[in-house]
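Structure below is start-v1.txt: compact mmCIF, C-alpha atoms.
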```
# COMPACT_ATOMS: atom_id res chain seq x y z
CA MET A 1 -20.07 5.84 -37.72
CA GLN A 2 -22.91 7.84 -36.13
CA GLN A 3 -25.22 4.82 -36.50
CA CYS A 4 -22.59 2.55 -34.97
CA ILE A 5 -22.19 4.84 -31.95
CA GLN A 6 -25.98 4.88 -31.50
CA ASN A 7 -26.16 1.08 -31.74
CA CYS A 8 -23.43 0.66 -29.11
CA THR A 9 -25.22 3.11 -26.81
CA ASP A 10 -28.55 1.31 -27.31
CA CYS A 11 -26.98 -2.10 -26.76
CA HIS A 12 -25.29 -0.88 -23.57
CA ARG A 13 -28.66 0.22 -22.23
CA VAL A 14 -30.66 -2.82 -23.32
CA CYS A 15 -28.12 -5.23 -21.81
CA LEU A 16 -28.08 -3.30 -18.53
CA GLU A 17 -31.89 -3.31 -18.38
CA THR A 18 -31.83 -7.02 -19.17
CA ILE A 19 -29.58 -7.74 -16.19
CA THR A 20 -32.18 -6.19 -13.87
CA HIS A 21 -34.87 -8.27 -15.59
CA CYS A 22 -32.87 -11.51 -15.38
CA LEU A 23 -32.14 -11.09 -11.67
CA GLN A 24 -35.88 -10.55 -11.11
CA VAL A 25 -36.82 -13.72 -12.98
CA GLY A 26 -34.09 -15.82 -11.36
CA GLY A 27 -33.26 -19.43 -12.28
CA GLU A 28 -31.17 -19.84 -15.44
CA HIS A 29 -31.76 -16.15 -16.19
CA ALA A 30 -29.65 -15.30 -13.11
CA ALA A 31 -26.94 -17.88 -13.82
CA GLN A 32 -23.40 -16.62 -13.29
CA ALA A 33 -22.26 -17.16 -16.89
CA HIS A 34 -25.31 -15.38 -18.32
CA ILE A 35 -25.10 -12.28 -16.11
CA ARG A 36 -21.33 -12.14 -16.66
CA LEU A 37 -21.80 -12.14 -20.42
CA LEU A 38 -24.37 -9.33 -20.12
CA LEU A 39 -21.95 -7.33 -17.92
CA ASP A 40 -19.19 -7.88 -20.48
CA CYS A 41 -21.52 -6.65 -23.21
CA VAL A 42 -22.58 -3.57 -21.20
CA GLN A 43 -18.96 -2.56 -20.68
CA ILE A 44 -17.47 -3.28 -24.10
CA CYS A 45 -20.38 -1.48 -25.84
CA GLN A 46 -19.66 1.62 -23.75
CA THR A 47 -15.93 1.38 -24.41
CA SER A 48 -16.48 0.95 -28.15
CA ALA A 49 -18.94 3.85 -28.26
CA ASP A 50 -16.45 6.11 -26.47
CA PHE A 51 -13.57 5.12 -28.76
CA MET A 52 -15.74 6.08 -31.75
CA ILE A 53 -16.97 9.31 -30.14
CA ARG A 54 -13.28 10.26 -29.62
CA SER A 55 -12.50 9.26 -33.24
CA SER A 56 -9.76 7.03 -31.84
CA GLU A 57 -7.58 5.30 -34.39
CA LEU A 58 -8.00 1.96 -32.64
CA HIS A 59 -11.80 1.99 -32.57
CA GLN A 60 -11.92 -0.86 -35.08
CA ARG A 61 -10.11 -3.06 -32.56
CA THR A 62 -12.57 -2.32 -29.75
CA CYS A 63 -15.47 -2.72 -32.20
CA GLY A 64 -14.06 -6.13 -33.18
CA VAL A 65 -14.08 -7.35 -29.57
CA CYS A 66 -17.50 -5.77 -29.11
CA ALA A 67 -18.94 -7.75 -32.04
CA GLU A 68 -17.51 -10.95 -30.61
CA VAL A 69 -18.95 -10.35 -27.12
CA CYS A 70 -22.32 -9.37 -28.63
CA ASP A 71 -22.36 -12.55 -30.73
CA ARG A 72 -21.95 -14.72 -27.64
CA CYS A 73 -24.45 -12.64 -25.68
CA ALA A 74 -27.01 -12.93 -28.49
CA ALA A 75 -26.67 -16.71 -28.52
CA ASP A 76 -27.07 -16.87 -24.75
CA CYS A 77 -30.17 -14.64 -24.77
CA GLU A 78 -31.76 -16.51 -27.70
CA ARG A 79 -31.94 -19.64 -25.52
CA MET A 80 -34.40 -17.81 -23.23
CA ALA A 81 -36.20 -15.67 -25.81
CA ALA A 82 -39.10 -17.96 -26.73
CA ASN A 83 -41.57 -16.67 -24.14
CA ASP A 84 -39.70 -13.63 -22.86
CA PRO A 85 -40.01 -10.38 -24.88
CA MET A 86 -37.21 -8.71 -22.87
CA MET A 87 -34.77 -11.50 -23.72
CA ARG A 88 -35.89 -11.44 -27.34
CA GLN A 89 -35.26 -7.69 -27.54
CA CYS A 90 -31.79 -8.13 -26.03
CA ALA A 91 -30.99 -11.07 -28.33
CA GLU A 92 -32.03 -9.07 -31.40
CA MET A 93 -30.04 -6.00 -30.33
CA CYS A 94 -26.90 -8.10 -29.70
CA ARG A 95 -27.42 -10.04 -32.95
CA GLN A 96 -27.55 -6.77 -34.86
CA MET A 97 -24.34 -5.62 -33.13
CA ALA A 98 -22.56 -8.87 -33.99
CA ALA A 99 -23.29 -8.43 -37.69
CA MET B 1 -3.85 -13.20 -13.49
CA GLN B 2 -3.73 -11.28 -10.21
CA GLN B 3 -0.57 -9.51 -11.39
CA CYS B 4 -2.18 -8.66 -14.70
CA ILE B 5 -5.23 -7.14 -12.96
CA GLN B 6 -2.92 -5.07 -10.79
CA ASN B 7 -0.93 -3.88 -13.79
CA CYS B 8 -4.09 -2.80 -15.62
CA THR B 9 -5.30 -0.94 -12.52
CA ASP B 10 -1.91 0.76 -12.11
CA CYS B 11 -1.74 1.69 -15.79
CA HIS B 12 -5.27 3.11 -15.66
CA ARG B 13 -4.22 5.36 -12.80
CA VAL B 14 -0.86 6.44 -14.19
CA CYS B 15 -2.35 7.35 -17.57
CA LEU B 16 -5.14 9.36 -15.92
CA GLU B 17 -2.60 11.21 -13.75
CA THR B 18 -0.51 11.81 -16.85
CA ILE B 19 -3.43 13.48 -18.64
CA THR B 20 -3.67 16.04 -15.83
CA HIS B 21 0.08 16.55 -16.06
CA CYS B 22 0.09 16.94 -19.85
CA LEU B 23 -2.73 19.51 -19.81
CA GLN B 24 -0.74 21.48 -17.23
CA VAL B 25 2.41 21.45 -19.35
CA GLY B 26 0.58 22.28 -22.59
CA GLY B 27 2.16 22.39 -26.04
CA GLU B 28 2.73 19.00 -27.65
CA HIS B 29 1.88 17.38 -24.31
CA ALA B 30 -1.69 18.65 -24.73
CA ALA B 31 -1.98 17.72 -28.42
CA GLN B 32 -5.26 16.12 -29.38
CA ALA B 33 -3.74 12.83 -30.57
CA HIS B 34 -1.67 12.43 -27.41
CA ILE B 35 -4.48 13.08 -24.93
CA ARG B 36 -6.82 10.86 -26.96
CA LEU B 37 -4.34 8.00 -26.82
CA LEU B 38 -4.03 8.44 -23.04
CA LEU B 39 -7.84 8.46 -22.71
CA ASP B 40 -8.03 5.28 -24.80
CA CYS B 41 -5.44 3.69 -22.54
CA VAL B 42 -7.26 4.76 -19.36
CA GLN B 43 -10.49 3.19 -20.56
CA ILE B 44 -9.23 -0.05 -22.12
CA CYS B 45 -7.07 -0.76 -19.04
CA GLN B 46 -10.17 -0.45 -16.83
CA THR B 47 -12.23 -2.61 -19.18
CA SER B 48 -9.52 -5.28 -19.32
CA ALA B 49 -9.11 -5.25 -15.55
CA ASP B 50 -12.86 -5.71 -15.04
CA PHE B 51 -13.07 -8.56 -17.56
CA MET B 52 -10.31 -10.34 -15.63
CA ILE B 53 -11.85 -9.58 -12.23
CA ARG B 54 -15.11 -11.15 -13.51
CA SER B 55 -13.12 -14.13 -14.91
CA SER B 56 -14.78 -13.46 -18.25
CA GLU B 57 -14.05 -15.96 -21.00
CA LEU B 58 -13.24 -13.19 -23.46
CA HIS B 59 -10.69 -11.42 -21.27
CA GLN B 60 -7.88 -12.43 -23.63
CA ARG B 61 -9.54 -10.44 -26.38
CA THR B 62 -9.80 -7.27 -24.27
CA CYS B 63 -6.24 -7.81 -23.05
CA GLY B 64 -5.09 -8.09 -26.65
CA VAL B 65 -6.58 -4.70 -27.54
CA CYS B 66 -5.22 -3.30 -24.28
CA ALA B 67 -1.66 -4.37 -25.17
CA GLU B 68 -2.00 -2.74 -28.58
CA VAL B 69 -3.28 0.56 -27.16
CA CYS B 70 -0.55 0.52 -24.49
CA ASP B 71 2.11 -0.08 -27.13
CA ARG B 72 1.05 3.01 -29.05
CA CYS B 73 0.70 5.05 -25.88
CA ALA B 74 4.19 3.99 -24.73
CA ALA B 75 5.71 5.13 -28.03
CA ASP B 76 3.89 8.46 -27.82
CA CYS B 77 5.00 9.08 -24.23
CA GLU B 78 8.59 8.05 -24.94
CA ARG B 79 8.91 10.99 -27.34
CA MET B 80 8.46 13.36 -24.37
CA ALA B 81 10.18 11.33 -21.67
CA ALA B 82 13.72 12.71 -21.92
CA ASN B 83 13.35 15.51 -19.40
CA ASP B 84 9.98 14.65 -17.91
CA PRO B 85 9.85 12.01 -15.12
CA MET B 86 6.04 11.80 -15.29
CA MET B 87 6.13 10.98 -18.99
CA ARG B 88 8.92 8.48 -18.40
CA GLN B 89 6.89 6.73 -15.69
CA CYS B 90 3.87 6.55 -17.98
CA ALA B 91 5.96 5.32 -20.91
CA GLU B 92 7.50 2.58 -18.76
CA MET B 93 4.15 1.49 -17.36
CA CYS B 94 2.61 1.30 -20.84
CA ARG B 95 5.69 -0.45 -22.26
CA GLN B 96 5.38 -3.10 -19.53
CA MET B 97 1.68 -3.54 -20.37
CA ALA B 98 2.42 -3.90 -24.10
CA ALA B 99 4.85 -6.75 -23.45
CA MET C 1 -5.93 11.31 -0.72
CA GLN C 2 -3.61 8.54 -2.02
CA GLN C 3 -5.05 6.16 0.59
CA CYS C 4 -8.59 7.12 -0.41
CA ILE C 5 -7.89 6.41 -4.09
CA GLN C 6 -6.44 3.03 -3.14
CA ASN C 7 -9.47 2.20 -0.99
CA CYS C 8 -11.87 3.07 -3.81
CA THR C 9 -9.87 0.94 -6.24
CA ASP C 10 -9.82 -1.97 -3.79
CA CYS C 11 -13.53 -1.66 -3.06
CA HIS C 12 -14.32 -1.58 -6.80
CA ARG C 13 -12.46 -4.84 -7.23
CA VAL C 14 -13.80 -6.62 -4.15
CA CYS C 15 -17.41 -5.75 -5.04
CA LEU C 16 -16.95 -6.95 -8.62
CA GLU C 17 -15.42 -10.22 -7.40
CA THR C 18 -18.28 -10.55 -4.94
CA ILE C 19 -20.88 -10.30 -7.74
CA THR C 20 -19.30 -13.31 -9.45
CA HIS C 21 -19.34 -15.14 -6.11
CA CYS C 22 -22.97 -14.26 -5.34
CA LEU C 23 -24.20 -15.40 -8.76
CA GLN C 24 -22.38 -18.70 -8.18
CA VAL C 25 -24.00 -19.24 -4.75
CA GLY C 26 -27.49 -18.19 -5.94
CA GLY C 27 -30.56 -17.77 -3.73
CA GLU C 28 -30.66 -14.53 -1.73
CA HIS C 29 -27.05 -13.89 -2.79
CA ALA C 30 -28.28 -13.47 -6.37
CA ALA C 31 -31.33 -11.38 -5.46
CA GLN C 32 -31.94 -8.41 -7.74
CA ALA C 33 -31.60 -5.76 -5.01
CA HIS C 34 -28.33 -7.24 -3.71
CA ILE C 35 -26.58 -7.52 -7.09
CA ARG C 36 -27.83 -4.05 -8.04
CA LEU C 37 -26.33 -2.57 -4.89
CA LEU C 38 -23.01 -4.28 -5.64
CA LEU C 39 -23.10 -2.94 -9.21
CA ASP C 40 -23.82 0.55 -7.86
CA CYS C 41 -20.86 0.21 -5.52
CA VAL C 42 -18.53 -1.04 -8.28
CA GLN C 43 -19.36 1.96 -10.44
CA ILE C 44 -19.41 4.77 -7.89
CA CYS C 45 -16.09 3.56 -6.41
CA GLN C 46 -14.50 3.79 -9.84
CA THR C 47 -16.03 7.19 -10.50
CA SER C 48 -14.85 8.51 -7.12
CA ALA C 49 -11.36 7.11 -7.64
CA ASP C 50 -11.11 8.77 -11.05
CA PHE C 51 -12.33 12.14 -9.74
CA MET C 52 -9.59 12.00 -7.09
CA ILE C 53 -6.92 10.84 -9.56
CA ARG C 54 -7.83 13.86 -11.73
CA SER C 55 -7.75 16.13 -8.62
CA SER C 56 -11.24 17.27 -9.57
CA GLU C 57 -12.74 20.02 -7.43
CA LEU C 58 -15.98 18.11 -7.00
CA HIS C 59 -14.39 14.88 -5.75
CA GLN C 60 -15.88 15.43 -2.30
CA ARG C 61 -19.34 15.23 -3.82
CA THR C 62 -18.66 11.93 -5.57
CA CYS C 63 -16.96 10.62 -2.42
CA GLY C 64 -20.08 11.58 -0.43
CA VAL C 65 -22.33 9.50 -2.67
CA CYS C 66 -19.74 6.73 -2.65
CA ALA C 67 -19.80 6.56 1.16
CA GLU C 68 -23.58 6.38 1.13
CA VAL C 69 -23.69 3.56 -1.43
CA CYS C 70 -20.94 1.69 0.45
CA ASP C 71 -22.87 2.03 3.72
CA ARG C 72 -25.93 0.37 2.19
CA CYS C 73 -23.83 -2.27 0.47
CA ALA C 74 -22.03 -3.06 3.74
CA ALA C 75 -25.35 -3.56 5.55
CA ASP C 76 -26.62 -5.81 2.76
CA CYS C 77 -23.45 -7.94 2.73
CA GLU C 78 -23.34 -8.22 6.52
CA ARG C 79 -26.66 -10.12 6.43
CA MET C 80 -24.89 -12.93 4.56
CA ALA C 81 -21.46 -12.71 6.16
CA ALA C 82 -21.87 -15.18 9.03
CA ASN C 83 -20.65 -18.26 7.17
CA ASP C 84 -19.30 -16.71 4.03
CA PRO C 85 -15.74 -15.28 4.10
CA MET C 86 -16.20 -13.58 0.70
CA MET C 87 -19.28 -11.70 1.92
CA ARG C 88 -17.50 -10.81 5.14
CA GLN C 89 -14.53 -9.38 3.22
CA CYS C 90 -16.87 -7.33 1.04
CA ALA C 91 -18.86 -6.11 4.05
CA GLU C 92 -15.69 -5.04 5.84
CA MET C 93 -14.30 -3.26 2.77
CA CYS C 94 -17.59 -1.39 2.24
CA ARG C 95 -17.90 -0.62 5.96
CA GLN C 96 -14.43 0.93 5.89
CA MET C 97 -15.38 3.02 2.84
CA ALA C 98 -18.57 4.26 4.51
CA ALA C 99 -16.62 5.58 7.50
CA MET D 1 -37.08 8.88 -16.05
CA GLN D 2 -36.68 7.70 -19.67
CA GLN D 3 -36.10 11.31 -20.73
CA CYS D 4 -33.53 11.78 -17.98
CA ILE D 5 -31.61 8.68 -19.05
CA GLN D 6 -31.60 9.95 -22.63
CA ASN D 7 -30.37 13.40 -21.52
CA CYS D 8 -27.50 11.87 -19.51
CA THR D 9 -26.52 9.70 -22.47
CA ASP D 10 -26.64 12.70 -24.82
CA CYS D 11 -24.64 14.87 -22.44
CA HIS D 12 -22.03 12.13 -22.01
CA ARG D 13 -21.56 12.03 -25.76
CA VAL D 14 -21.59 15.80 -26.37
CA CYS D 15 -19.02 16.42 -23.64
CA LEU D 16 -16.75 13.67 -24.98
CA GLU D 17 -17.00 15.09 -28.51
CA THR D 18 -16.29 18.54 -27.08
CA ILE D 19 -13.05 17.33 -25.48
CA THR D 20 -11.78 16.27 -28.90
CA HIS D 21 -12.83 19.65 -30.30
CA CYS D 22 -11.18 21.62 -27.48
CA LEU D 23 -7.88 19.78 -27.82
CA GLN D 24 -7.94 20.55 -31.53
CA VAL D 25 -8.54 24.27 -30.93
CA GLY D 26 -5.94 24.52 -28.15
CA GLY D 27 -5.30 27.61 -26.00
CA GLU D 28 -7.83 28.19 -23.24
CA HIS D 29 -10.01 25.47 -24.77
CA ALA D 30 -7.31 22.94 -23.82
CA ALA D 31 -6.69 24.34 -20.35
CA GLN D 32 -6.33 21.73 -17.62
CA ALA D 33 -9.32 22.91 -15.57
CA HIS D 34 -11.62 22.98 -18.60
CA ILE D 35 -10.77 19.51 -19.92
CA ARG D 36 -10.94 18.12 -16.39
CA LEU D 37 -14.44 19.51 -15.93
CA LEU D 38 -15.50 17.97 -19.25
CA LEU D 39 -14.01 14.62 -18.20
CA ASP D 40 -15.88 14.85 -14.88
CA CYS D 41 -19.08 15.55 -16.79
CA VAL D 42 -18.53 12.65 -19.21
CA GLN D 43 -18.10 10.21 -16.34
CA ILE D 44 -20.81 11.36 -13.93
CA CYS D 45 -23.37 11.50 -16.77
CA GLN D 46 -22.59 7.87 -17.60
CA THR D 47 -22.73 6.85 -13.95
CA SER D 48 -26.06 8.64 -13.43
CA ALA D 49 -27.52 7.11 -16.60
CA ASP D 50 -26.51 3.62 -15.47
CA PHE D 51 -27.94 4.09 -11.96
CA MET D 52 -31.27 5.06 -13.56
CA ILE D 53 -31.17 2.23 -16.11
CA ARG D 54 -30.69 -0.18 -13.16
CA SER D 55 -33.54 1.56 -11.27
CA SER D 56 -31.12 1.97 -8.37
CA GLU D 57 -32.57 3.45 -5.20
CA LEU D 58 -29.72 5.94 -4.91
CA HIS D 59 -30.06 7.35 -8.44
CA GLN D 60 -31.26 10.67 -7.02
CA ARG D 61 -27.94 11.08 -5.27
CA THR D 62 -25.88 10.46 -8.41
CA CYS D 63 -28.26 12.73 -10.37
CA GLY D 64 -27.70 15.45 -7.75
CA VAL D 65 -23.93 15.35 -8.23
CA CYS D 66 -24.44 15.15 -11.99
CA ALA D 67 -26.52 18.36 -11.97
CA GLU D 68 -23.81 20.12 -9.97
CA VAL D 69 -21.01 19.04 -12.30
CA CYS D 70 -23.10 19.97 -15.35
CA ASP D 71 -23.81 23.41 -13.88
CA ARG D 72 -20.09 24.11 -13.55
CA CYS D 73 -19.34 22.68 -16.97
CA ALA D 74 -22.08 24.80 -18.55
CA ALA D 75 -20.61 27.97 -17.03
CA ASP D 76 -17.15 27.03 -18.24
CA CYS D 77 -18.32 26.29 -21.78
CA GLU D 78 -20.45 29.46 -21.96
CA ARG D 79 -17.27 31.53 -21.62
CA MET D 80 -16.11 30.16 -25.01
CA ALA D 81 -19.48 29.86 -26.73
CA ALA D 82 -19.71 33.26 -28.45
CA ASN D 83 -18.09 32.25 -31.71
CA ASP D 84 -17.91 28.50 -31.30
CA PRO D 85 -21.04 26.45 -32.16
CA MET D 86 -19.58 23.28 -30.59
CA MET D 87 -19.01 25.03 -27.26
CA ARG D 88 -22.49 26.56 -27.44
CA GLN D 89 -24.05 23.15 -28.02
CA CYS D 90 -22.14 21.70 -25.07
CA ALA D 91 -23.05 24.67 -22.85
CA GLU D 92 -26.73 24.31 -23.71
CA MET D 93 -26.74 20.56 -23.12
CA CYS D 94 -25.04 20.97 -19.73
CA ARG D 95 -27.30 23.88 -18.82
CA GLN D 96 -30.36 21.73 -19.52
CA MET D 97 -28.88 18.94 -17.35
CA ALA D 98 -28.21 21.34 -14.49
CA ALA D 99 -31.85 22.44 -14.40
```
Represent the structure of the file as structure tokens.
Amino acid sequence: MQQCIQNCTDCHRVCLETITHCLQVGGEHAAQAHIRLLLDCVQICQTSADFMIRSSELHQRTCGVCAEVCDRCAADCERMAANDPMMRQCAEMCRQMAA
Amino acid sequence: MQQCIQNCTDCHRVCLETITHCLQVGGEHAAQAHIRLLLDCVQICQTSADFMIRSSELHQRTCGVCAEVCDRCAADCERMAANDPMMRQCAEMCRQMAA
Amino acid sequence: MQQCIQNCTDCHRVCLETITHCLQVGGEHAAQAHIRLLLDCVQICQTSADFMIRSSELHQRTCGVCAEVCDRCAADCERMAANDPMMRQCAEMCRQMAA
Amino acid sequence: MQQCIQNCTDCHRVCLETITHCLQVGGEHAAQAHIRLLLDCVQICQTSADFMIRSSELHQRTCGVCAEVCDRCAADCERMAANDPMMRQCAEMCRQMAA
């Protein structure tokens, strides 16, 4: 559980940093659907972390949605990860969360 | 969708007001499991509202968890609603959300 | 106080809707500094609303920061408001909050 | 800055864990004013962390409010820290944040 809380916290931060990066790069990085997915990931990771920190009975439900959002976010970031270390880091973090 | 966003926003607020009320009353109102459930409800309602405001594709998943949390929170508030208008209001708001 | 909570809640929502709009339009609307300011506004409005809903003693401090962020966000939105009703609505909401 | 983000994230988590602890202990630990202060601290720490992660220009303003909330929360936790390691940990974390 402690590791899962840490992963959610890390993923929250990496996705939020990635949004700043993507808006700087522009183009497809700043596309509405991509930034929206990153914002979804930022928020559901925080929510899942907090449910676990509170030892809430329904944390498995928030973690389930979190894994699903992270899976989509990973796929979206992997498209842009070839020559972009920031996107690769975000893709790997989200891929780990989706597992 | 607009109505659903409004309901989530209202439920977020009512549950947060109810926490303040419950801590004032004390006793079973301030029990760990009850306050935790209210905190869960506060947070998942906000998350669900924001997913809908962003028109996120996965908003149905967050709304699904939200309905489940609200259902449990409604049941927990109903236990204390007999002579407590604040608890009754919160129970009714959560019951509406769970539907 | 009730009006102030409502204004914060409304401003949170309008700014979050505006982010989706700006990312759709692209160009200067999707500039890093502009989206970041909107994200700041979304978050501090929610935080201020919640401090007031909890009747927290320090709500005037969060409201002070909120007014400052809204003032900057209003100025930034006003630059793009001439032919864009969504930006005008957001500018007016933020301008009202900054007052 | 990186250290400050980490401290805010740690303080967010410690305060949220402490709420669960305090509600379990009951009595003055579960008093309205104490839990409210902890909830304020949880939220402003997250908000400050996110402003810094986004490199927002106004992060010094949110950090200023955060330090003020943490200072009050530290003082409140120190009252109960004599024989309670969890309260002492929370007091120390908040005291460090207030510095």
I need the residue nearest Thr18 of chain A from this list: A:Met86, A:Glu68, A:His59, A:Asp76. Use all atoms listed in the file for the distance.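 Closest residue, counting all atoms listed in the file: A:Met86.
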Between atom CA of Asp50 of chain C and atom CA of Ile35 of chain D, measure the distance and give it in Å to one decimal. 13.9 Å
Please tabulate, as a tab-separated table, the residues of chain A that come within 6 Å of chain C, each with its closest pair of atoms and the distance in Å to one decimal, counting only C-alpha atoms and ordering rows by chain, then residue number upward.
```
residue	atom	partner	partner_atom	distance
A:Leu23	CA	C:Gln32	CA	4.8
A:Gln24	CA	C:Gln32	CA	5.6
A:Gln32	CA	C:Leu23	CA	4.8
```
What separation in Å, quoted to one decimal, exists between atom CA of Gln2 of chain B and atom CA of Glu17 of chain C?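 Interatomic distance here is 12.1 Å.
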Shortest contact to Arg79 of chain D, candidates D:Cys41, D:Cys63, D:Ala99, D:Ala91, atoms counted all atoms listed in the file, goes to D:Ala91
I'd like the interatomic distance between atom CA of Ala74 of chain B and atom CA of Arg95 of chain B, to a tenth of an Å. 5.3 Å
Could you give me segment 35-42 of chain A completed to all heavy atoms, formatted as a compact mmCIF listing (two decimals), in the frame of the given file?
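Generated output (part_17.txt):
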```txt
# COMPACT_ATOMS: atom_id res chain seq x y z
N ILE A 35 -25.21 -13.67 -16.59
CA ILE A 35 -25.10 -12.28 -16.11
C ILE A 35 -23.71 -11.73 -16.44
O ILE A 35 -23.56 -10.57 -16.82
CB ILE A 35 -25.37 -12.19 -14.58
CG1 ILE A 35 -26.78 -12.72 -14.25
CG2 ILE A 35 -25.17 -10.76 -14.08
CD1 ILE A 35 -27.91 -11.88 -14.80
N ARG A 36 -22.69 -12.57 -16.33
CA ARG A 36 -21.33 -12.14 -16.66
C ARG A 36 -21.22 -11.70 -18.12
O ARG A 36 -20.59 -10.67 -18.42
CB ARG A 36 -20.34 -13.27 -16.38
CG ARG A 36 -18.91 -12.91 -16.76
CD ARG A 36 -17.91 -13.78 -16.04
NE ARG A 36 -18.19 -15.19 -16.21
CZ ARG A 36 -17.80 -16.15 -15.38
NH1 ARG A 36 -17.12 -15.84 -14.29
NH2 ARG A 36 -18.08 -17.41 -15.61
N LEU A 37 -21.83 -12.48 -19.00
CA LEU A 37 -21.80 -12.14 -20.42
C LEU A 37 -22.52 -10.81 -20.66
O LEU A 37 -22.06 -9.97 -21.44
CB LEU A 37 -22.46 -13.27 -21.20
CG LEU A 37 -22.02 -13.54 -22.64
CD1 LEU A 37 -20.53 -13.41 -22.86
CD2 LEU A 37 -22.50 -14.93 -23.07
N LEU A 38 -23.65 -10.61 -19.99
CA LEU A 38 -24.37 -9.33 -20.12
C LEU A 38 -23.52 -8.17 -19.59
O LEU A 38 -23.48 -7.09 -20.19
CB LEU A 38 -25.71 -9.40 -19.38
CG LEU A 38 -26.82 -10.21 -20.09
CD1 LEU A 38 -27.94 -10.55 -19.12
CD2 LEU A 38 -27.36 -9.43 -21.29
N LEU A 39 -22.83 -8.38 -18.46
CA LEU A 39 -21.95 -7.33 -17.92
C LEU A 39 -20.80 -7.04 -18.88
O LEU A 39 -20.42 -5.87 -19.07
CB LEU A 39 -21.41 -7.74 -16.55
CG LEU A 39 -22.40 -7.68 -15.39
CD1 LEU A 39 -21.80 -8.35 -14.14
CD2 LEU A 39 -22.79 -6.23 -15.07
N ASP A 40 -20.25 -8.09 -19.47
CA ASP A 40 -19.19 -7.88 -20.48
C ASP A 40 -19.72 -7.03 -21.64
O ASP A 40 -19.03 -6.12 -22.11
CB ASP A 40 -18.72 -9.24 -21.05
CG ASP A 40 -17.90 -10.05 -20.05
OD1 ASP A 40 -17.56 -9.51 -18.98
OD2 ASP A 40 -17.63 -11.23 -20.34
N CYS A 41 -20.92 -7.35 -22.07
CA CYS A 41 -21.52 -6.65 -23.21
C CYS A 41 -21.79 -5.18 -22.85
O CYS A 41 -21.51 -4.29 -23.66
CB CYS A 41 -22.80 -7.37 -23.60
SG CYS A 41 -23.19 -7.24 -25.35
N VAL A 42 -22.33 -4.94 -21.66
CA VAL A 42 -22.58 -3.57 -21.20
C VAL A 42 -21.30 -2.74 -21.28
O VAL A 42 -21.30 -1.61 -21.78
CB VAL A 42 -23.10 -3.59 -19.73
CG1 VAL A 42 -23.01 -2.21 -19.09
CG2 VAL A 42 -24.54 -4.10 -19.68
```
